[in-house]
>>> print(open('query_2.txt').read())   # compact mmCIF, C-alpha atoms
# COMPACT_ATOMS: atom_id res chain seq x y z
CA MET A 7 6.22 42.23 -4.85
CA LYS A 8 5.87 40.25 -8.09
CA LEU A 9 8.95 38.23 -7.14
CA ILE A 10 7.37 37.25 -3.80
CA HIS A 11 4.15 36.13 -5.53
CA ALA A 12 6.14 34.18 -8.12
CA ALA A 13 8.14 32.47 -5.37
CA ARG A 14 4.94 31.55 -3.50
CA LEU A 15 3.36 30.21 -6.67
CA CYS A 16 6.46 28.15 -7.39
CA ALA A 17 6.42 26.72 -3.84
CA VAL A 18 2.74 25.75 -4.20
CA VAL A 19 3.38 24.05 -7.54
CA VAL A 20 6.37 22.11 -6.16
CA ALA A 21 4.40 21.03 -3.07
CA SER A 22 1.49 19.91 -5.25
CA LEU A 23 3.76 17.88 -7.50
CA ALA A 24 5.46 16.27 -4.52
CA ALA A 25 2.11 15.33 -2.99
CA THR A 26 0.84 13.76 -6.19
CA ALA A 27 4.11 12.11 -7.21
CA PHE A 28 3.23 9.04 -5.16
CA ALA A 29 -0.57 9.18 -5.60
CA HIS A 30 -1.81 6.55 -8.03
CA GLU A 31 -4.87 4.40 -8.58
CA TYR A 32 -5.72 1.26 -10.48
CA LYS A 33 -9.00 -0.35 -11.46
CA LEU A 34 -9.80 -4.06 -11.92
CA GLY A 35 -13.47 -4.59 -12.74
CA ALA A 36 -15.43 -3.31 -9.75
CA ILE A 37 -12.30 -3.10 -7.55
CA GLU A 38 -10.53 0.24 -7.12
CA ILE A 39 -6.94 -0.08 -5.89
CA ASP A 40 -6.00 3.23 -4.32
CA HIS A 41 -2.41 4.35 -3.68
CA PRO A 42 -0.46 1.13 -3.11
CA TRP A 43 2.70 1.97 -1.16
CA ALA A 44 5.50 0.48 0.94
CA ARG A 45 7.88 1.84 3.51
CA ALA A 46 11.54 2.06 2.58
CA THR A 47 13.80 -0.57 4.15
CA VAL A 48 17.41 -0.51 5.26
CA PRO A 49 20.19 -2.66 3.78
CA GLY A 50 20.01 -6.16 5.22
CA GLN A 51 16.33 -5.90 6.15
CA SER A 52 14.64 -9.02 4.76
CA VAL A 53 10.98 -8.04 5.10
CA GLY A 54 8.86 -5.10 4.04
CA GLY A 55 5.23 -4.07 4.31
CA GLY A 56 2.83 -3.15 1.53
CA TYR A 57 -0.30 -1.08 2.03
CA VAL A 58 -3.28 -0.09 -0.10
CA LYS A 59 -6.93 0.88 0.08
CA LEU A 60 -9.25 -1.51 -1.78
CA VAL A 61 -12.73 -0.31 -2.70
CA ASN A 62 -15.34 -2.71 -4.07
CA GLU A 63 -17.83 -0.68 -6.09
CA GLY A 64 -19.65 -3.86 -7.14
CA ALA A 65 -22.80 -5.52 -5.80
CA THR A 66 -20.91 -8.78 -5.09
CA ALA A 67 -18.34 -9.36 -2.35
CA ASP A 68 -14.83 -10.35 -3.39
CA ARG A 69 -11.69 -11.53 -1.63
CA LEU A 70 -7.99 -10.78 -2.05
CA LEU A 71 -6.54 -14.29 -2.18
CA ALA A 72 -2.84 -13.78 -2.85
CA ALA A 73 -0.06 -11.42 -3.89
CA SER A 74 3.37 -11.85 -5.45
CA SER A 75 6.26 -9.62 -6.42
CA PRO A 76 9.60 -10.04 -8.21
CA ALA A 77 11.08 -7.93 -5.37
CA ALA A 78 10.53 -10.69 -2.78
CA ALA A 79 10.73 -14.48 -2.59
CA ARG A 80 7.10 -14.46 -1.46
CA VAL A 81 4.31 -12.13 -0.39
CA GLU A 82 1.84 -13.05 2.34
CA LEU A 83 -1.44 -11.48 3.39
CA HIS A 84 -1.07 -10.55 7.07
CA THR A 85 -2.97 -9.17 9.98
CA HIS A 86 -1.55 -7.38 13.01
CA GLU A 87 -3.14 -8.52 16.28
CA MET A 88 -2.67 -7.53 19.89
CA GLY A 89 -2.32 -10.62 22.08
CA ALA A 90 -3.81 -11.02 25.55
CA ASP A 91 -0.27 -10.53 26.88
CA GLY A 92 -0.15 -7.07 25.31
CA VAL A 93 2.35 -8.12 22.63
CA ALA A 94 1.54 -7.29 19.02
CA ARG A 95 1.92 -10.17 16.55
CA MET A 96 1.68 -10.43 12.78
CA ARG A 97 -0.05 -13.50 11.42
CA PRO A 98 -0.78 -14.69 7.88
CA VAL A 99 -4.41 -14.81 6.77
CA ALA A 100 -5.84 -17.00 4.00
CA ALA A 101 -7.72 -14.13 2.34
CA ILE A 102 -8.85 -10.55 2.89
CA GLU A 103 -12.61 -10.06 2.60
CA LEU A 104 -13.80 -7.15 0.47
CA PRO A 105 -17.54 -6.59 1.00
CA ALA A 106 -19.89 -5.49 -1.78
CA LYS A 107 -20.11 -1.68 -1.92
CA GLY A 108 -17.45 -1.61 0.77
CA ALA A 109 -13.78 -0.95 1.37
CA VAL A 110 -10.85 -2.33 3.31
CA GLU A 111 -7.63 -0.51 4.02
CA LEU A 112 -4.37 -2.39 4.31
CA LYS A 113 -2.30 -0.18 6.60
CA PRO A 114 0.40 -0.24 9.28
CA GLY A 115 -0.94 -1.82 12.46
CA GLY A 116 -3.66 -3.76 10.63
CA LEU A 117 -4.11 -5.89 7.54
CA HIS A 118 -1.13 -5.59 5.19
CA LEU A 119 1.01 -7.27 2.55
CA MET A 120 4.19 -8.79 3.95
CA LEU A 121 7.05 -8.98 1.44
CA LEU A 122 9.34 -11.75 2.67
CA ASP A 123 12.98 -12.39 1.75
CA LEU A 124 13.44 -9.11 -0.11
CA LYS A 125 15.93 -9.39 -2.95
CA GLN A 126 17.20 -5.83 -2.32
CA PRO A 127 16.23 -2.90 -0.09
CA LEU A 128 13.11 -0.90 -0.93
CA VAL A 129 14.38 2.59 -1.79
CA VAL A 130 12.44 5.86 -1.49
CA GLY A 131 11.07 6.89 -4.88
CA GLN A 132 11.24 3.37 -6.28
CA ARG A 133 8.13 1.66 -7.73
CA VAL A 134 7.86 -2.02 -6.86
CA PRO A 135 5.58 -4.22 -8.98
CA ILE A 136 3.17 -6.43 -7.07
CA THR A 137 0.50 -8.71 -8.49
CA LEU A 138 -2.79 -8.95 -6.60
CA ARG A 139 -5.12 -11.92 -7.16
CA PHE A 140 -8.80 -11.55 -6.32
CA GLU A 141 -11.31 -14.39 -6.18
CA ARG A 142 -13.83 -12.76 -8.57
CA ALA A 143 -12.12 -9.76 -10.17
CA GLY A 144 -9.06 -11.73 -11.26
CA GLU A 145 -5.45 -10.63 -11.24
CA THR A 146 -3.65 -7.35 -11.86
CA THR A 147 -0.18 -5.94 -11.35
CA VAL A 148 0.18 -2.57 -9.62
CA GLU A 149 3.17 -0.63 -8.32
CA LEU A 150 3.96 0.04 -4.68
CA ALA A 151 5.34 3.57 -4.33
CA VAL A 152 8.19 3.32 -1.82
CA GLN A 153 8.02 6.10 0.77
CA ALA A 154 10.13 7.07 3.76
CA VAL A 155 7.16 7.43 6.08
CA ALA A 156 3.45 6.73 6.06
CA PRO A 157 1.32 8.87 3.75
CA ALA A 158 0.01 12.17 5.17
CA GLU A 159 -3.39 10.66 6.02
CA GLU A 160 -1.66 8.06 8.22
CA MET A 161 0.45 10.68 9.94
CA HIS A 162 -2.70 12.58 11.02
CA LYS A 163 -4.04 9.51 12.84
CA HIS A 164 -1.14 9.42 15.34
>>> encode(input="query_2.txt", output="structure tokens")
Amino acid sequence: MKLIHAARLCAVVVASLAATAFAHEYKLGAIEIDHPWARATVPGQSVGGGYVKLVNEGATADRLLAASSPAAARVELHTHEMGADGVARMRPVAAIELPAKGAVELKPGGLHLMLLDLKQPLVVGQRVPITLRFERAGETTVELAVQAVAPAEEMHKH
């Protein structure tokens, strides 16, 4: 019986560690940058997507103006829109608004970071540095945790 309990405890610990291995947060002034991540890519794939939840705890609105990464020739801020013809299209945006005391989530099927001309594939478990530049808060470098699939919270939405 003790062996069964020990095995269950071990399984819970391993599952907890796996769940938190990719969880990470950053703070830049009033901006909380929660769990930046990217999907893994296949060899030869030249683009990748970056996702993150941005929370503005401040009383003043801010804007994400730009991003860059040594993993890609350039990074663009993008939106994902459904056209009148029913075809989804990704388009660059000049900035991403972050309201005071508000949040915006960059996620698949919506606003996101587009890493263009990747220098090598994004591999599961890898951490990819990306620099985010905000209008008011300034600039910080965070790491995208490369994952095989969307985080658990995304999976529950489908």
>>> closest_residue(input="query_2.txt", among="A:Pro98, A:Pro76, A:Pro135, A:Pro114", to="A:Val58", atoms="only C-alpha atoms")
A:Pro114
>>> closest_residue(input="query_2.txt", among="A:Val53, A:Leu119, A:Leu150, A:Ala143", to="A:Ala78", atoms="all atoms listed in the file")
A:Val53
>>> atom_distance(input="query_2.txt", atom1="atom CA of A:His41", atom2="atom CA of A:Glu145")
17.1 Å
>>> residues_around(input="query_2.txt", residues="A:Val152", least_positions_apart="2", cutoff="8 Å", atoms="all atoms listed in the file", output="list in words")
Trp43, Ala44, Arg45, Ala46, Leu128, Val129, Val130, Gly131, Gln132, Arg133, Val134, Leu150 and Ala154 of chain A
>>> residues_around(input="query_2.txt", residues="A:Leu34", least_positions_apart="3", cutoff="7 Å", atoms="only C-alpha atoms", output="list of chain:residue names")
A:Ile37, A:Glu38, A:Ala143, A:Thr146
>>> write_last_selection(input="query_2.txt", atoms="C-alpha atoms", output="PDB file, in the frame of the given file")
ATOM      1  CA  ILE A  37     -12.300  -3.100  -7.550  1.00  0.00           C
ATOM      2  CA  GLU A  38     -10.530   0.240  -7.120  1.00  0.00           C
ATOM      3  CA  ALA A 143     -12.120  -9.760 -10.170  1.00  0.00           C
ATOM      4  CA  THR A 146      -3.650  -7.350 -11.860  1.00  0.00           C
TER       5      THR A 146
END
>>> residues_around(input="query_2.txt", residues="stretch 91-95 of chain A", least_positions_apart="6", cutoff="12 Å", atoms="all atoms listed in the file", output="ChimeraX atom specification")
/A:84-85,115-117
>>> atom_distance(input="query_2.txt", atom1="atom CA of A:Lys107", atom2="atom CA of A:Leu83")
21.7 Å
>>> residues_near_point(input="query_2.txt", point="(-6.4, -6.6, -4.6)", cutoff="6 Å", atoms="all atoms listed in the file", output="PDB file with C-alpha atoms, in the coordinates of the input")
ATOM      1  CA  LEU A  70      -7.990 -10.780  -2.050  1.00  0.00           C
ATOM      2  CA  LEU A 138      -2.790  -8.950  -6.600  1.00  0.00           C
ATOM      3  CA  PHE A 140      -8.800 -11.550  -6.320  1.00  0.00           C
TER       4      PHE A 140
END
>>> closest_residue(input="query_2.txt", among="A:Leu71, A:His86, A:Asn62, A:Pro49", to="A:Gly144", atoms="only C-alpha atoms")
A:Leu71
>>> build_atoms(input="query_2.txt", residues="stretch 49-73 of chain A", atoms="N, CA and C atoms", output="PDB file, keeping the file's coordinate frame")
ATOM      1  N   PRO A  49      19.411  -1.523   4.282  1.00  0.00           N
ATOM      2  CA  PRO A  49      20.190  -2.660   3.780  1.00  0.00           C
ATOM      3  C   PRO A  49      20.216  -3.792   4.812  1.00  0.00           C
ATOM      4  N   GLY A  50      20.009  -5.007   4.334  1.00  0.00           N
ATOM      5  CA  GLY A  50      20.010  -6.160   5.220  1.00  0.00           C
ATOM      6  C   GLY A  50      18.636  -6.526   5.773  1.00  0.00           C
ATOM      7  N   GLN A  51      17.681  -5.617   5.675  1.00  0.00           N
ATOM      8  CA  GLN A  51      16.330  -5.900   6.150  1.00  0.00           C
ATOM      9  C   GLN A  51      15.671  -6.867   5.160  1.00  0.00           C
ATOM     10  N   SER A  52      15.146  -7.971   5.651  1.00  0.00           N
ATOM     11  CA  SER A  52      14.640  -9.020   4.760  1.00  0.00           C
ATOM     12  C   SER A  52      13.135  -8.980   4.529  1.00  0.00           C
ATOM     13  N   VAL A  53      12.431  -8.129   5.267  1.00  0.00           N
ATOM     14  CA  VAL A  53      10.980  -8.040   5.100  1.00  0.00           C
ATOM     15  C   VAL A  53      10.554  -6.593   4.912  1.00  0.00           C
ATOM     16  N   GLY A  54       9.434  -6.423   4.235  1.00  0.00           N
ATOM     17  CA  GLY A  54       8.860  -5.100   4.040  1.00  0.00           C
ATOM     18  C   GLY A  54       7.342  -5.210   4.053  1.00  0.00           C
ATOM     19  N   GLY A  55       6.689  -4.084   4.272  1.00  0.00           N
ATOM     20  CA  GLY A  55       5.230  -4.070   4.310  1.00  0.00           C
ATOM     21  C   GLY A  55       4.657  -3.318   3.131  1.00  0.00           C
ATOM     22  N   GLY A  56       3.548  -3.809   2.605  1.00  0.00           N
ATOM     23  CA  GLY A  56       2.830  -3.150   1.530  1.00  0.00           C
ATOM     24  C   GLY A  56       1.439  -2.781   1.996  1.00  0.00           C
ATOM     25  N   TYR A  57       0.967  -1.624   1.548  1.00  0.00           N
ATOM     26  CA  TYR A  57      -0.300  -1.080   2.030  1.00  0.00           C
ATOM     27  C   TYR A  57      -1.098  -0.527   0.861  1.00  0.00           C
ATOM     28  N   VAL A  58      -2.418  -0.559   0.983  1.00  0.00           N
ATOM     29  CA  VAL A  58      -3.280  -0.090  -0.100  1.00  0.00           C
ATOM     30  C   VAL A  58      -4.718  -0.003   0.413  1.00  0.00           C
ATOM     31  N   LYS A  59      -5.499   0.852  -0.196  1.00  0.00           N
ATOM     32  CA  LYS A  59      -6.930   0.880   0.080  1.00  0.00           C
ATOM     33  C   LYS A  59      -7.640   0.204  -1.085  1.00  0.00           C
ATOM     34  N   LEU A  60      -8.487  -0.778  -0.767  1.00  0.00           N
ATOM     35  CA  LEU A  60      -9.250  -1.510  -1.780  1.00  0.00           C
ATOM     36  C   LEU A  60     -10.722  -1.128  -1.629  1.00  0.00           C
ATOM     37  N   VAL A  61     -11.329  -0.696  -2.708  1.00  0.00           N
ATOM     38  CA  VAL A  61     -12.730  -0.310  -2.700  1.00  0.00           C
ATOM     39  C   VAL A  61     -13.469  -1.198  -3.691  1.00  0.00           C
ATOM     40  N   ASN A  62     -14.507  -1.871  -3.210  1.00  0.00           N
ATOM     41  CA  ASN A  62     -15.340  -2.710  -4.070  1.00  0.00           C
ATOM     42  C   ASN A  62     -16.599  -1.926  -4.422  1.00  0.00           C
ATOM     43  N   GLU A  63     -16.667  -1.450  -5.643  1.00  0.00           N
ATOM     44  CA  GLU A  63     -17.830  -0.680  -6.090  1.00  0.00           C
ATOM     45  C   GLU A  63     -18.944  -1.591  -6.597  1.00  0.00           C
ATOM     46  N   GLY A  64     -18.696  -2.901  -6.616  1.00  0.00           N
ATOM     47  CA  GLY A  64     -19.650  -3.860  -7.140  1.00  0.00           C
ATOM     48  C   GLY A  64     -20.692  -4.301  -6.129  1.00  0.00           C
ATOM     49  N   ALA A  65     -21.708  -5.016  -6.627  1.00  0.00           N
ATOM     50  CA  ALA A  65     -22.800  -5.520  -5.800  1.00  0.00           C
ATOM     51  C   ALA A  65     -22.484  -6.897  -5.210  1.00  0.00           C
ATOM     52  N   THR A  66     -21.318  -7.456  -5.561  1.00  0.00           N
ATOM     53  CA  THR A  66     -20.910  -8.780  -5.090  1.00  0.00           C
ATOM     54  C   THR A  66     -19.610  -8.668  -4.293  1.00  0.00           C
ATOM     55  N   ALA A  67     -19.562  -9.344  -3.158  1.00  0.00           N
ATOM     56  CA  ALA A  67     -18.340  -9.360  -2.350  1.00  0.00           C
ATOM     57  C   ALA A  67     -17.219 -10.051  -3.128  1.00  0.00           C
ATOM     58  N   ASP A  68     -15.999  -9.729  -2.783  1.00  0.00           N
ATOM     59  CA  ASP A  68     -14.830 -10.350  -3.390  1.00  0.00           C
ATOM     60  C   ASP A  68     -13.827 -10.598  -2.278  1.00  0.00           C
ATOM     61  N   ARG A  69     -12.735 -11.268  -2.611  1.00  0.00           N
ATOM     62  CA  ARG A  69     -11.690 -11.530  -1.630  1.00  0.00           C
ATOM     63  C   ARG A  69     -10.339 -11.406  -2.302  1.00  0.00           C
ATOM     64  N   LEU A  70      -9.380 -10.777  -1.606  1.00  0.00           N
ATOM     65  CA  LEU A  70      -7.990 -10.780  -2.050  1.00  0.00           C
ATOM     66  C   LEU A  70      -7.415 -12.103  -1.560  1.00  0.00           C
ATOM     67  N   LEU A  71      -7.002 -12.944  -2.515  1.00  0.00           N
ATOM     68  CA  LEU A  71      -6.540 -14.290  -2.180  1.00  0.00           C
ATOM     69  C   LEU A  71      -5.028 -14.407  -2.042  1.00  0.00           C
ATOM     70  N   ALA A  72      -4.297 -13.623  -2.839  1.00  0.00           N
ATOM     71  CA  ALA A  72      -2.840 -13.780  -2.850  1.00  0.00           C
ATOM     72  C   ALA A  72      -2.186 -12.566  -3.474  1.00  0.00           C
ATOM     73  N   ALA A  73      -0.874 -12.474  -3.280  1.00  0.00           N
ATOM     74  CA  ALA A  73      -0.060 -11.420  -3.890  1.00  0.00           C
ATOM     75  C   ALA A  73       1.318 -12.008  -4.159  1.00  0.00           C
TER      76      ALA A  73
END
